Structures are given as structure tokens and as C-alpha cells.
Amino acid sequence: MSIARYPEWQAEAAATLIAPIVAAESGPVLLCLQAVQAHFGYVPGDAVGMIAEACNVSRADVHGVFTFYADLRDTSPPAVPVRLCAAEACQAVGGRKLKTDWATACGEDAELAALTGVDEPIFCLGNCALGPAALVDGELMGCADVARLKGAVTQAQAAVEAS
Ligand code: FES
């Protein structure tokens, strides 16, 4: 199953996104990276050079900013990304077991695995009191378990397909 939610990379569209940011902001590298990711779902390698040129900085400068922020990605995201909190408070209330259970569920269901992609750990969602916490398609979930994660994935998938 494939559900597309971001347009394919287009340099012209990216240049259109970047130009007003560069014109209006000083030190706009991070804003440009965020704008490209918000539009295309990720920051392709081509965008790094484009942003460097537009901001009049080196590619290394842009790469440095890109690699500093773990939420910036250089590959297309899965249709419904699931990220499980891997920080200490969530680990203390079952986060490790949830991670194992989720991996098992994805291992048993190829469609679920393809839809949600690889769990990219995230470190504290600010929801420690309701751990284990997770993000499903960017939406925060507390007291997460496999059944609730699957339900949220189904809802998010339906929303993406309806949009
Ligand atoms: S440690 Fe998981 S939300 Fe804070």
C-alpha cells in the first residue's frame, strides 16, 4: 500500500519556498531547512546546496545545521510515522517492552511495517507522567500500547487517504 502525502522533490518549488525566507530573515538556514521538510517531507541532498547558495554560506554550514537537529531527515518519511519515546521516564514504565512489542507487531504485519516505517527513537516528548509516550503521525499519545498504536495508525491512514 502506498499513500502519498508530500509532493515529489522539485528544485523550482523549493527555490520558491526558500526565496522569501532568505529575503525576510537573517541567518535563515534552519528556517529554510524546515520549510523544505514541511513541504516535501524531507530535505533532499540537492536542497542543501540550494540553501547554502541562497543563504550565502557553505554547504558544510548547512550540513552542520541539518545534522544537529534530529527531526530533520534526508529520506522520505513513511506514510504514518510512529516514533516511540526512548527516554528514561518512559523506559521506567514499559517503554522498552513497548518497543519490543511494536517491533514484533511490525514483524508480523508487513503492511503495518511499510506504513509506519522504522521506529526512529525520540527522547522525551514532555509527556513523562503518561508514559510510555509515542508520536503517531506527529500526534502525541500517552499510555501507549500496541493496540492503541495500531488504532491511531488506522485513524491517521484514513485521514491521509481522505485528504
Ligand atoms: S521520557 Fe518519555 S515523554 Fe518524557
# chains A, B, ... in the order shown; residues from 1 in each chain; ligands from 1

call {"tool": "closest_atom_pairs", "arguments": {"of": "chain A", "to": "ligand 1", "cutoff": "10 Å", "atoms": "only C-alpha atoms and all ligand atoms", "output": "tab-separated table"}}
result
residue	atom	partner	partner_atom_place_in_ligand_line	distance
A:Leu84	CA	ligand 1	2 (Fe)	8.2
A:Cys85	CA	ligand 1	2 (Fe)	4.8
A:Ala86	CA	ligand 1	2 (Fe)	6.4
A:Ala87	CA	ligand 1	1 (S)	4.3
A:Glu88	CA	ligand 1	1 (S)	5.2
A:Ala89	CA	ligand 1	1 (S)	4.1
A:Cys90	CA	ligand 1	2 (Fe)	4.2
A:Gln91	CA	ligand 1	1 (S)	7.2
A:Ala92	CA	ligand 1	1 (S)	8.6
A:Val93	CA	ligand 1	2 (Fe)	9.3
A:Gly95	CA	ligand 1	2 (Fe)	8.0
A:Ile122	CA	ligand 1	2 (Fe)	8.3
A:Phe123	CA	ligand 1	1 (S)	6.5
A:Cys124	CA	ligand 1	4 (Fe)	3.6
A:Leu125	CA	ligand 1	3 (S)	4.0
A:Gly126	CA	ligand 1	3 (S)	4.5
A:Asn127	CA	ligand 1	3 (S)	3.9
A:Cys128	CA	ligand 1	4 (Fe)	3.6
A:Ala129	CA	ligand 1	3 (S)	7.4
A:Leu130	CA	ligand 1	3 (S)	7.4
A:Gly131	CA	ligand 1	2 (Fe)	5.7
A:Pro132	CA	ligand 1	2 (Fe)	6.0
A:Ala133	CA	ligand 1	3 (S)	5.2
A:Ala134	CA	ligand 1	3 (S)	7.7
A:Leu135	CA	ligand 1	3 (S)	9.9
A:Leu140	CA	ligand 1	3 (S)	9.4
A:Met141	CA	ligand 1	3 (S)	9.5
A:Gly142	CA	ligand 1	3 (S)	8.1

call {"tool": "write_last_selection", "arguments": {"atoms": "N, CA and C atoms", "output": "mmCIF file, in the first residue's frame"}}
result
data_model
loop_
_atom_site.group_PDB
_atom_site.id
_atom_site.type_symbol
_atom_site.label_atom_id
_atom_site.label_comp_id
_atom_site.auth_asym_id
_atom_site.auth_seq_id
_atom_site.Cartn_x
_atom_site.Cartn_y
_atom_site.Cartn_z
ATOM 1 N N LEU A 84 8.558 6.068 19.079
ATOM 2 C CA LEU A 84 8.361 5.720 20.484
ATOM 3 C C LEU A 84 9.401 6.437 21.324
ATOM 4 N N CYS A 85 8.957 6.997 22.439
ATOM 5 C CA CYS A 85 9.873 7.696 23.327
ATOM 6 C C CYS A 85 10.862 6.699 23.925
ATOM 7 N N ALA A 86 12.118 7.046 23.843
ATOM 8 C CA ALA A 86 13.171 6.154 24.332
ATOM 9 C C ALA A 86 13.873 6.724 25.558
ATOM 10 N N ALA A 87 13.334 7.764 26.142
ATOM 11 C CA ALA A 87 13.996 8.397 27.290
ATOM 12 C C ALA A 87 13.643 7.662 28.595
ATOM 13 N N GLU A 88 14.346 8.040 29.649
ATOM 14 C CA GLU A 88 14.342 7.265 30.889
ATOM 15 C C GLU A 88 12.973 7.093 31.525
ATOM 16 N N ALA A 89 12.197 8.171 31.653
ATOM 17 C CA ALA A 89 10.913 8.064 32.348
ATOM 18 C C ALA A 89 9.997 7.073 31.638
ATOM 19 N N CYS A 90 9.992 7.099 30.338
ATOM 20 C CA CYS A 90 9.154 6.156 29.602
ATOM 21 C C CYS A 90 9.708 4.736 29.699
ATOM 22 N N GLN A 91 11.025 4.617 29.707
ATOM 23 C CA GLN A 91 11.608 3.279 29.887
ATOM 24 C C GLN A 91 11.182 2.684 31.222
ATOM 25 N N ALA A 92 11.068 3.544 32.245
ATOM 26 C CA ALA A 92 10.722 3.060 33.590
ATOM 27 C C ALA A 92 9.283 2.561 33.685
ATOM 28 N N VAL A 93 8.455 2.942 32.733
ATOM 29 C CA VAL A 93 7.049 2.497 32.788
ATOM 30 C C VAL A 93 6.675 1.652 31.564
ATOM 31 N N GLY A 95 8.496 1.418 28.421
ATOM 32 C CA GLY A 95 8.894 1.855 27.085
ATOM 33 C C GLY A 95 9.695 0.816 26.317
ATOM 34 N N ILE A 122 12.835 8.772 19.809
ATOM 35 C CA ILE A 122 12.774 10.188 20.141
ATOM 36 C C ILE A 122 12.964 10.272 21.656
ATOM 37 N N PHE A 123 13.588 11.331 22.109
ATOM 38 C CA PHE A 123 13.988 11.384 23.512
ATOM 39 C C PHE A 123 13.224 12.462 24.263
ATOM 40 N N CYS A 124 12.209 12.034 24.956
ATOM 41 C CA CYS A 124 11.298 12.792 25.790
ATOM 42 C C CYS A 124 10.400 13.710 24.969
ATOM 43 N N LEU A 125 9.138 13.420 25.071
ATOM 44 C CA LEU A 125 8.110 14.197 24.394
ATOM 45 C C LEU A 125 7.429 15.148 25.364
ATOM 46 N N GLY A 126 7.965 15.255 26.571
ATOM 47 C CA GLY A 126 7.352 16.132 27.572
ATOM 48 C C GLY A 126 6.061 15.567 28.121
ATOM 49 N N ASN A 127 5.900 14.280 28.003
ATOM 50 C CA ASN A 127 4.668 13.614 28.438
ATOM 51 C C ASN A 127 4.998 12.486 29.407
ATOM 52 N N CYS A 128 6.032 12.715 30.212
ATOM 53 C CA CYS A 128 6.607 11.659 31.052
ATOM 54 C C CYS A 128 5.586 11.055 32.009
ATOM 55 N N ALA A 129 4.672 11.845 32.546
ATOM 56 C CA ALA A 129 3.709 11.343 33.530
ATOM 57 C C ALA A 129 2.743 10.343 32.919
ATOM 58 N N LEU A 130 2.641 10.337 31.600
ATOM 59 C CA LEU A 130 1.709 9.428 30.926
ATOM 60 C C LEU A 130 2.445 8.456 30.020
ATOM 61 N N GLY A 131 3.628 8.080 30.431
ATOM 62 C CA GLY A 131 4.418 7.169 29.629
ATOM 63 C C GLY A 131 3.866 5.752 29.667
ATOM 64 N N PRO A 132 4.275 4.932 28.732
ATOM 65 C CA PRO A 132 5.174 5.276 27.641
ATOM 66 C C PRO A 132 4.475 6.157 26.607
ATOM 67 N N ALA A 133 5.223 7.108 26.123
ATOM 68 C CA ALA A 133 4.678 8.074 25.167
ATOM 69 C C ALA A 133 5.131 7.738 23.744
ATOM 70 N N ALA A 134 4.337 8.193 22.806
ATOM 71 C CA ALA A 134 4.652 7.947 21.397
ATOM 72 C C ALA A 134 4.122 9.103 20.562
ATOM 73 N N LEU A 135 4.653 9.211 19.370
ATOM 74 C CA LEU A 135 4.108 10.113 18.353
ATOM 75 C C LEU A 135 3.617 9.252 17.211
ATOM 76 N N LEU A 140 0.709 13.300 19.641
ATOM 77 C CA LEU A 140 1.187 12.736 20.897
ATOM 78 C C LEU A 140 0.203 11.720 21.459
ATOM 79 N N MET A 141 0.748 10.595 21.947
ATOM 80 C CA MET A 141 -0.076 9.582 22.608
ATOM 81 C C MET A 141 0.590 9.232 23.934
ATOM 82 N N GLY A 142 -0.193 9.220 25.008
ATOM 83 C CA GLY A 142 0.295 8.764 26.298
ATOM 84 C C GLY A 142 -0.226 7.368 26.573
#

call {"tool": "select_by_dssp", "arguments": {"residues": "chain A", "states": "strand (DSSP E)", "output": "MDAnalysis selection string"}}
result
chainID A and resid 82:84 134:136 139:141

call {"tool": "closest_residue", "arguments": {"among": "A:Ala11, A:Leu98, A:Leu112, A:Ala158", "to": "Val146 (chain A)", "atoms": "only C-alpha atoms"}}
result
A:Leu98

call {"tool": "closest_atom_pairs", "arguments": {"of": "region 26-47 of chain A", "to": "region 70-75 of chain A", "cutoff": "10 Å", "atoms": "only C-alpha atoms", "output": "JSON lines"}}
result
{"residue": "A:Leu30", "atom": "CA", "partner": "A:Leu72", "partner_atom": "CA", "distance": 9.7}
{"residue": "A:Leu33", "atom": "CA", "partner": "A:Leu72", "partner_atom": "CA", "distance": 7.8}
{"residue": "A:Gln34", "atom": "CA", "partner": "A:Leu72", "partner_atom": "CA", "distance": 7.5}
{"residue": "A:Val36", "atom": "CA", "partner": "A:Leu72", "partner_atom": "CA", "distance": 9.9}
{"residue": "A:Gln37", "atom": "CA", "partner": "A:Leu72", "partner_atom": "CA", "distance": 7.2}
{"residue": "A:Ala38", "atom": "CA", "partner": "A:Leu72", "partner_atom": "CA", "distance": 9.8}
{"residue": "A:Gly41", "atom": "CA", "partner": "A:Arg73", "partner_atom": "CA", "distance": 8.1}
{"residue": "A:Tyr42", "atom": "CA", "partner": "A:Arg73", "partner_atom": "CA", "distance": 5.2}
{"residue": "A:Val43", "atom": "CA", "partner": "A:Asp74", "partner_atom": "CA", "distance": 4.9}
{"residue": "A:Pro44", "atom": "CA", "partner": "A:Asp74", "partner_atom": "CA", "distance": 5.3}
{"residue": "A:Gly45", "atom": "CA", "partner": "A:Asp74", "partner_atom": "CA", "distance": 7.0}
{"residue": "A:Ala47", "atom": "CA", "partner": "A:Asp74", "partner_atom": "CA", "distance": 9.8}

call {"tool": "select_by_dssp", "arguments": {"residues": "region 19-123 of chain A", "states": "alpha helix (DSSP H)", "output": "ChimeraX atom specification"}}
result
/A:19-24,29-40,45-55,59-68,88-92,95-108,110-116

call {"tool": "write_last_selection", "arguments": {"atoms": "C-alpha atoms", "output": "compact mmCIF listing (two decimals), in the first residue's frame"}}
result
# COMPACT_ATOMS: atom_id res chain seq x y z
CA ALA A 19 13.43 32.87 -1.52
CA PRO A 20 11.02 34.77 0.75
CA ILE A 21 12.62 33.30 3.88
CA VAL A 22 16.07 34.41 2.80
CA ALA A 23 14.74 37.86 1.94
CA ALA A 24 12.99 38.33 5.28
CA VAL A 29 19.38 28.29 7.23
CA LEU A 30 17.26 26.40 9.76
CA LEU A 31 14.07 28.10 8.58
CA CYS A 32 14.87 27.10 5.00
CA LEU A 33 15.55 23.50 6.02
CA GLN A 34 12.28 23.40 7.97
CA ALA A 35 10.33 24.89 5.07
CA VAL A 36 11.71 22.31 2.64
CA GLN A 37 10.95 19.45 5.04
CA ALA A 38 7.45 20.75 5.76
CA HIS A 39 6.70 20.85 2.05
CA PHE A 40 8.45 17.71 0.77
CA GLY A 45 20.70 16.42 -0.73
CA ASP A 46 20.04 18.82 -3.58
CA ALA A 47 18.34 21.20 -1.16
CA VAL A 48 21.49 21.55 0.93
CA GLY A 49 23.44 23.15 -1.91
CA MET A 50 20.47 25.26 -2.89
CA ILE A 51 20.04 26.59 0.64
CA ALA A 52 23.78 27.21 1.00
CA GLU A 53 23.81 29.28 -2.16
CA ALA A 54 20.66 31.19 -1.26
CA CYS A 55 21.94 31.96 2.26
CA ARG A 59 27.38 23.51 2.13
CA ALA A 60 29.24 22.42 5.27
CA ASP A 61 27.45 25.13 7.26
CA VAL A 62 24.07 23.93 6.05
CA HIS A 63 25.04 20.30 6.61
CA GLY A 64 26.10 21.18 10.14
CA VAL A 65 22.71 22.67 10.93
CA PHE A 66 20.94 19.78 9.21
CA THR A 67 22.77 17.12 11.21
CA PHE A 68 22.37 18.97 14.52
CA GLU A 88 14.34 7.26 30.89
CA ALA A 89 10.91 8.06 32.35
CA CYS A 90 9.15 6.16 29.60
CA GLN A 91 11.61 3.28 29.89
CA ALA A 92 10.72 3.06 33.59
CA GLY A 95 8.89 1.85 27.09
CA ARG A 96 11.39 -0.90 26.33
CA LYS A 97 8.67 -3.55 26.34
CA LEU A 98 6.52 -1.38 24.11
CA LYS A 99 9.41 -1.01 21.67
CA THR A 100 9.88 -4.79 21.59
CA ASP A 101 6.14 -5.41 21.24
CA TRP A 102 5.85 -2.84 18.47
CA ALA A 103 8.77 -4.37 16.59
CA THR A 104 7.07 -7.78 16.90
CA ALA A 105 3.78 -6.36 15.62
CA CYS A 106 5.54 -4.80 12.63
CA GLY A 107 7.45 -8.02 12.03
CA GLU A 108 4.18 -9.94 11.85
CA ALA A 110 4.36 -6.27 6.58
CA GLU A 111 1.69 -3.73 5.65
CA LEU A 112 1.88 -2.12 9.09
CA ALA A 113 5.68 -2.07 8.90
CA ALA A 114 5.65 -0.44 5.47
CA LEU A 115 3.06 2.10 6.56
CA THR A 116 4.84 3.16 9.74

call {"tool": "residues_around", "arguments": {"residues": "Ala152 (chain A)", "least_positions_apart": "6", "cutoff": "9 Å", "atoms": "only C-alpha atoms", "output": "compact mmCIF listing (two decimals) with C-alpha atoms, in the first residue's frame"}}
result
# COMPACT_ATOMS: atom_id res chain seq x y z
CA VAL A 136 1.82 8.72 15.69
CA ASP A 137 1.89 10.85 12.57
CA GLU A 139 0.21 13.33 17.29
CA MET A 141 -0.08 9.58 22.61

call {"tool": "atom_distance", "arguments": {"atom1": "CA of Asp109 (chain A)", "atom2": "CA of Val82 (chain A)"}}
result
14.6 Å
